[in-house]
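**Q** One structure, pasted below without further comment.
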Amino acid sequence: MSGASAKTGAVSRGDEQSEAGESGAPEQLALIRETVRERKARQPRAKPRTWRNAERAARLPVARVLVDKGMVHLDRYFDYAVPAAMDEEAQPGVRVRVRFGAGEREGRREGGGLVNGFIVERRADTDFAGRLAPLAQVLSPEPVLGPELLQLCRAVADRYAGSLADVVQLAVPPRRARPEQQPSPRRLPRPDMPEPGGWSRYPQGPAFLAALREKAAPRAVWTALPGPQDWAVELATALATALAAGRGALAVLPDGKAAARLDAALTALVGEGRHVLLTADAGPEPRYRRWLAVRRGSVRAVIGTRAAMFAPVHRLGLVAIWEDGDAAHSEERAPQPHAREVLMQRAVTEQAAFLLGAHGCTVEAAQLVESGFARPLTAERETVRAVMPRVRTAAEGDEARDPAARSARLPSLAWRTARDALALGPVLVQVPRRGYVPRLVCERCREPARCRHCSGPLEAGAEGAALRCGWCAREVVDWHCGMCGGGRLRGSVFGARRTAEELGRAFPSVPVRTSGGEHVLETVPGGPALVVATPGAEPVPEGGEGYAAALLLDGWVLLGRPDLRAGEEALRRWLAAASLVRGHEAGGSVIVVAEETLRPVQALVRWDPAGHALRELADRAELGFPPVSRMAAVTGPPQAVAGLLEAARETGLPAEAEVLGPVPLPVPAAGRPRRPGDPPPGEQWERALVRVPRGSGAALASALKTAQVRRLTRREGPSAQLRIDPLDIG
């Protein structure tokens with residue numbers, strides 16, 4: 001749509017809204033809408049000129065364009081002629097419209113449909129032998145794709161065997177005309193250098209801040225001490241130090257709740273106007289306005305979720321990521337980059353400091369320390385013991401000793417701990433699943449209860465309510481087990497709502513609050529209360545003292561997942577919840593309901609996430625699993641997987657590459673909502689894993705991408721899905 005037609009549409013919508021606001025009658029509103037539709041239908045839509053035979057620009061008449069086509073076999077630049085009338089606006093980095101598609105095979109670039117793109121370079125000549133088509137339109141003179149951002153996107157595309165256009169779509173937000181027409185605020189002077197504050201608790205903390213003050217590029221893996229808000233204040237201090245030194249800073253967090261905490265902490269240190277918050281909650285236009293302020297250099301500090309990893313911060317001095325083990329840091333759209341890897345790339349190419357922080361420690365973070373890329377930034381054991389809560393374990397069957405504990409589905413130790421802690425403040429209860437009873441089994445044979453229509457899991461929505469299928473939502477009456485014929489059910493997994501209901505009966509005089517799913521609480525009052533939350537949705541108690549106790553229930557649900565990262569993920573979730581609890585000197589206590597001999601449970605009791613990560617890393621090294629190796633997942637129909645692997649061997653797959661599989665993927669049951677990566681209905685897919693030593697990762701990605709391009713270009717059968725460094729390898 002041209003600028004004129006877009007403006008007309010905006011005026012029409014404004015007329016409709018203003019007139020509708022003056023009259024509430026449905027008949028008049030319908031008449032107004034019909035009139036607006038007729039008016040818009042009569043108005044001719046302006047189209048970009050073809051500029052055929054138009055005079056070319058006298059200087060650098062060729063524009064090299066990145067066409068917004070994410071197909072990997074089109075991952076290259078295309079040359080277009082620059083009309084003289086566009087010479088001033090058609091500069092590198094701006095958005096343009098070009099004709100693309102038709103005429104390519106005849107040796108010319110004319111005709112075809114209009115697609116968006118970015119000018120990446122102006123040239124004096126072209127290596128295209130045919131006739132160049134002219135640019136159709138300059139959408140905006142704002143140079144949003146600078147050379148540094150383009151270089152970063154190219155590196156990410158190569159690492160993940162993706163197309164540059166797909167990465168640029170992740171890096172550059174959609175255009176909004178109004179923010180581009182408005183000036184960004186004036187850049188404020190540097191803030192004062194902050195005091196080390198909580199960093200003094202870490203032996204290497206002051207030295208890290210000193211390196212930031214001197215504009216050096218230290219790299220650290222930071223194991224944060226427990227505390228409800230300590231990590232946010234300490235991370236804000238690091239960002240403020242980089243700003244005070246005259247350099248930019250960027251912090252990426254897993255969710256909007258964590259980003260808001262850091263935003264408040266940094267605002268308290270440096271005031272408003274020196275940084276922006278880039279999260280989806282802001283809305284498209286305010287988010288784009290803030291992004292433009294960063295690109296224009298008005299603001300040099302960014303806090304945001306994973307999309308902010310590409311933020312074009314000027315003079316970048318520090319990149320930081322919090323909780324790198326959270327799956328939210330992995331982009332869902334192609335080519336699915338991970339924020340940790342992108343920030344590491346930026347730290348190297350832009351010579352910025354790198355800080356990876358968490359209460360826990362992932363295997364990838366341990367690998368960074370072992371390889372020498374980063375240094376550990378941890379507190380002494382005496383300091384850890386002084387601030388951590390007391391952590392104890394409880395077995396699943398202990399509730400039989402106490403009738404009240406049995407009614408609340410709590411082991412006796414957990415019930416007594418909650419009872420005593422409620423006299424001091426709120427108590428956190430972490431439950432792995434939301435809902436009421438999300439998993440049911442036959443009481444006689446323990447066979448999972450399934451829907452007769454789609455084989456989906458049956459769920460209990462509330463006490464006394466009818467059973468309902470979790471996939472097709474059908475109500476189920478008169479259920480009988482298909483294995484033994486039994487007609488009685490019992491819960492195998494209890495959700496947050498059921499747990500809250502049981503706790504309300506066990507502690508009738510105490511308020512019970514729930515947080516999870518679509519209803520996530522940011523904070524809760526600091527008075528006595530039971531707070532039932534799913535992992536990642538734990539609210540922060542007001543007042544800064546933290547919870548008096550935390551109960552981590554149903555540990556077997558987290559530990560029993562068929563995933564290589566199950567133990568690491570369980571420990572990360574437990575540490576995040578336990579970090580909100582007061583230190584043991586203030587009476588803080590944590591009860592984890594899980595088998596005490598398991599490695600993650602012992603790491604929680606000792607509060608030793610780094611030690612757990614190092615042992616996991618040693619196990620991965622023996623098995624040859626990431627991060628010791630690099631891995632790619634090839635998924636699709638059997639002939640597509642076999643064809644891509646065979647083509648990769650012919651296009652330079654490293655000799656040391658090892659193919660694991662392929663193995664068939666489970667067919668989704670009928671009626672279950674389709675998820676990303678699921679095969680189409682009625683098709684059988686399989687997956688193969690390709691493993692190489694860590695130093696051969698670039699060669700692996702290049703060979704697979706080249707093979708994918710060849711198969712798509714030659715139309716050699718169905719295509720396969722390709723993902724480098726998949727999170728889930730079973």
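Ordered as shown in the structure tokens, chains take letters A, B, and onward, while each chain numbers its residues from 1 and ligands are numbered from 1 in the order shown.
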Find the residues near Phe78 in chain A: any atom within 8 Å, counting only C-alpha atoms, skip ones fewer than 5 places away on the same chain, and give them as a count of residues only.
**A** 4
**Q** Applying 10 Å and only C-alpha atoms, which residues near range 337-346 of chain A remain after dropping the ones on its own chain fewer than 6 positions away? List them as a ChimeraX atom specification.
**A** /A:148-149,152-153,155-157,159-160,162,167,170,219,250-254,305-310,316,318-325,327-331,352-356,364-365,373,723-727
**Q** Please provide the set of residues having any atom within 9 Å of Ala610 in chain A, restricted to only C-alpha atoms, with same-chain residues fewer than 2 positions apart removed, written as number ranges by chain.
**A** A: 223, 360-363, 365-366, 603, 607-608, 612-615
**Q** Could you write out, as a list in words, all the residues of range 532-616 of chain A that DSSP marks as strand (DSSP E)?
**A**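 Secondary structure check on range 532-616 of chain A, strand (DSSP E): Val532, Ala533, Val540, Pro541, Ala549, Ala550, Leu551, Leu552, Ser589, Val590, Ile591, Val592 and Val593 of chain A.
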**Q** State, in Å with one decimal place, the distance from CA of Arg59 in chain A to CA of Ala136 in chain A.
**A**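 Taking CA of Arg59 in chain A and CA of Ala136 in chain A, their separation equals 18.5 Å.
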**Q** Residues within 7 Å of Val531 in chain A, please, as a list of chain:residue names. Count only C-alpha atoms; anything in the same chain fewer than 3 positions from it doesn't count.
**A**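 In the requested format, the answer is A:Val427, A:Leu428, A:Val429, A:Val512, A:Arg513, A:Thr514.
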**Q** Rounded to one decimal, what separation in Å do you get between CA of Pro508 in chain A and CA of Val524 in chain A?
**A** 18.9 Å
**Q** May I ask which of the residues A:Ala161, A:Leu521, A:Leu712, A:Leu269 is the closest one to Ala334 in chain A, counting only C-alpha atoms?
**A**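 The answer is A:Ala161, which sits nearest to Ala334 in chain A.
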**Q** So which one's closest to Gly197 in chain A, A:Leu132, A:Leu235, A:Arg52, A:Gly546? Using only C-alpha atoms, please.
**A** A:Leu235
**Q** What's around Ala699 in chain A at 8 Å? Count only C-alpha atoms, leave out sequence neighbours fewer than 6 positions away in its own chain, and write the answer as a ChimeraX atom specification.
**A** /A:652-654
**Q** My list of candidates is A:Asp230, A:Ser412, A:Thr706, A:Gly567. Which is closest to Val540 in chain A when distances are computed with only C-alpha atoms?
**A**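 Looking only at the distances to Val540 in chain A, the closest residue turns out to be A:Asp230.
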**Q** Would you return as an mmCIF file with C-alpha atoms, in the first residue's frame the members of range 487-623 of chain A that DSSP assigns to helix (DSSP H, G or I) on this structure's backbone?
**A**
data_model
loop_
_atom_site.group_PDB
_atom_site.id
_atom_site.type_symbol
_atom_site.label_atom_id
_atom_site.label_comp_id
_atom_site.auth_asym_id
_atom_site.auth_seq_id
_atom_site.Cartn_x
_atom_site.Cartn_y
_atom_site.Cartn_z
ATOM 1 C CA ALA A 496 -1.698 -25.766 41.060
ATOM 2 C CA ARG A 497 -5.460 -25.264 41.487
ATOM 3 C CA ARG A 498 -5.948 -28.660 43.139
ATOM 4 C CA THR A 499 -2.959 -28.040 45.418
ATOM 5 C CA ALA A 500 -4.318 -24.612 46.395
ATOM 6 C CA GLU A 501 -7.700 -26.181 47.197
ATOM 7 C CA GLU A 502 -6.115 -28.842 49.432
ATOM 8 C CA LEU A 503 -3.918 -26.299 51.209
ATOM 9 C CA GLY A 504 -6.956 -24.113 51.816
ATOM 10 C CA ARG A 505 -8.637 -26.996 53.643
ATOM 11 C CA ALA A 506 -5.499 -27.803 55.659
ATOM 12 C CA GLY A 555 10.000 -33.341 42.184
ATOM 13 C CA TRP A 556 9.681 -36.564 40.223
ATOM 14 C CA VAL A 557 7.654 -34.732 37.551
ATOM 15 C CA LEU A 558 10.602 -32.483 36.691
ATOM 16 C CA LEU A 559 13.253 -35.154 37.132
ATOM 17 C CA ALA A 566 15.881 -32.955 32.904
ATOM 18 C CA GLY A 567 18.180 -32.840 35.931
ATOM 19 C CA GLU A 568 19.699 -29.494 34.977
ATOM 20 C CA GLU A 569 16.281 -27.967 34.345
ATOM 21 C CA ALA A 570 14.854 -29.263 37.626
ATOM 22 C CA LEU A 571 17.768 -27.794 39.574
ATOM 23 C CA ARG A 572 17.405 -24.469 37.757
ATOM 24 C CA ARG A 573 13.689 -24.284 38.631
ATOM 25 C CA TRP A 574 14.327 -25.176 42.263
ATOM 26 C CA LEU A 575 17.150 -22.655 42.674
ATOM 27 C CA ALA A 576 15.011 -19.883 41.169
ATOM 28 C CA ALA A 577 12.264 -20.566 43.733
ATOM 29 C CA ALA A 578 14.625 -21.103 46.670
ATOM 30 C CA HIS A 584 18.629 -19.544 57.206
ATOM 31 C CA GLU A 585 19.772 -17.006 59.804
ATOM 32 C CA ALA A 586 16.426 -15.234 59.293
ATOM 33 C CA ARG A 599 22.447 -35.572 41.903
ATOM 34 C CA PRO A 600 20.247 -32.466 41.336
ATOM 35 C CA VAL A 601 18.696 -32.839 44.794
ATOM 36 C CA GLN A 602 22.098 -33.020 46.452
ATOM 37 C CA ALA A 603 23.287 -29.998 44.461
ATOM 38 C CA LEU A 604 20.294 -28.049 45.789
ATOM 39 C CA VAL A 605 20.919 -29.127 49.394
ATOM 40 C CA ARG A 606 24.577 -28.013 49.127
ATOM 41 C CA PRO A 609 25.064 -25.402 40.876
ATOM 42 C CA ALA A 610 28.546 -25.018 39.390
ATOM 43 C CA GLY A 611 29.643 -28.392 40.739
ATOM 44 C CA HIS A 612 26.531 -30.030 39.301
ATOM 45 C CA ALA A 613 27.171 -28.429 35.903
ATOM 46 C CA LEU A 614 30.787 -29.617 35.843
ATOM 47 C CA ARG A 615 29.747 -33.204 36.604
ATOM 48 C CA GLU A 616 27.080 -33.035 33.902
ATOM 49 C CA LEU A 617 29.683 -31.672 31.494
ATOM 50 C CA ALA A 618 31.992 -34.593 32.249
ATOM 51 C CA ASP A 619 29.151 -37.034 31.534
ATOM 52 C CA ARG A 620 28.361 -35.256 28.252
ATOM 53 C CA ALA A 621 32.032 -35.445 27.262
ATOM 54 C CA GLU A 622 31.997 -39.220 27.725
ATOM 55 C CA LEU A 623 28.873 -39.554 25.597
#
**Q** What's around range 191-196 of chain A at 8 Å? Count only C-alpha atoms, leave out sequence neighbours fewer than 6 positions away in its own chain, and write the answer as an MDAnalysis selection string.
**A** chainID A and resid 205:206 209 237 240:241 243:245 269:270
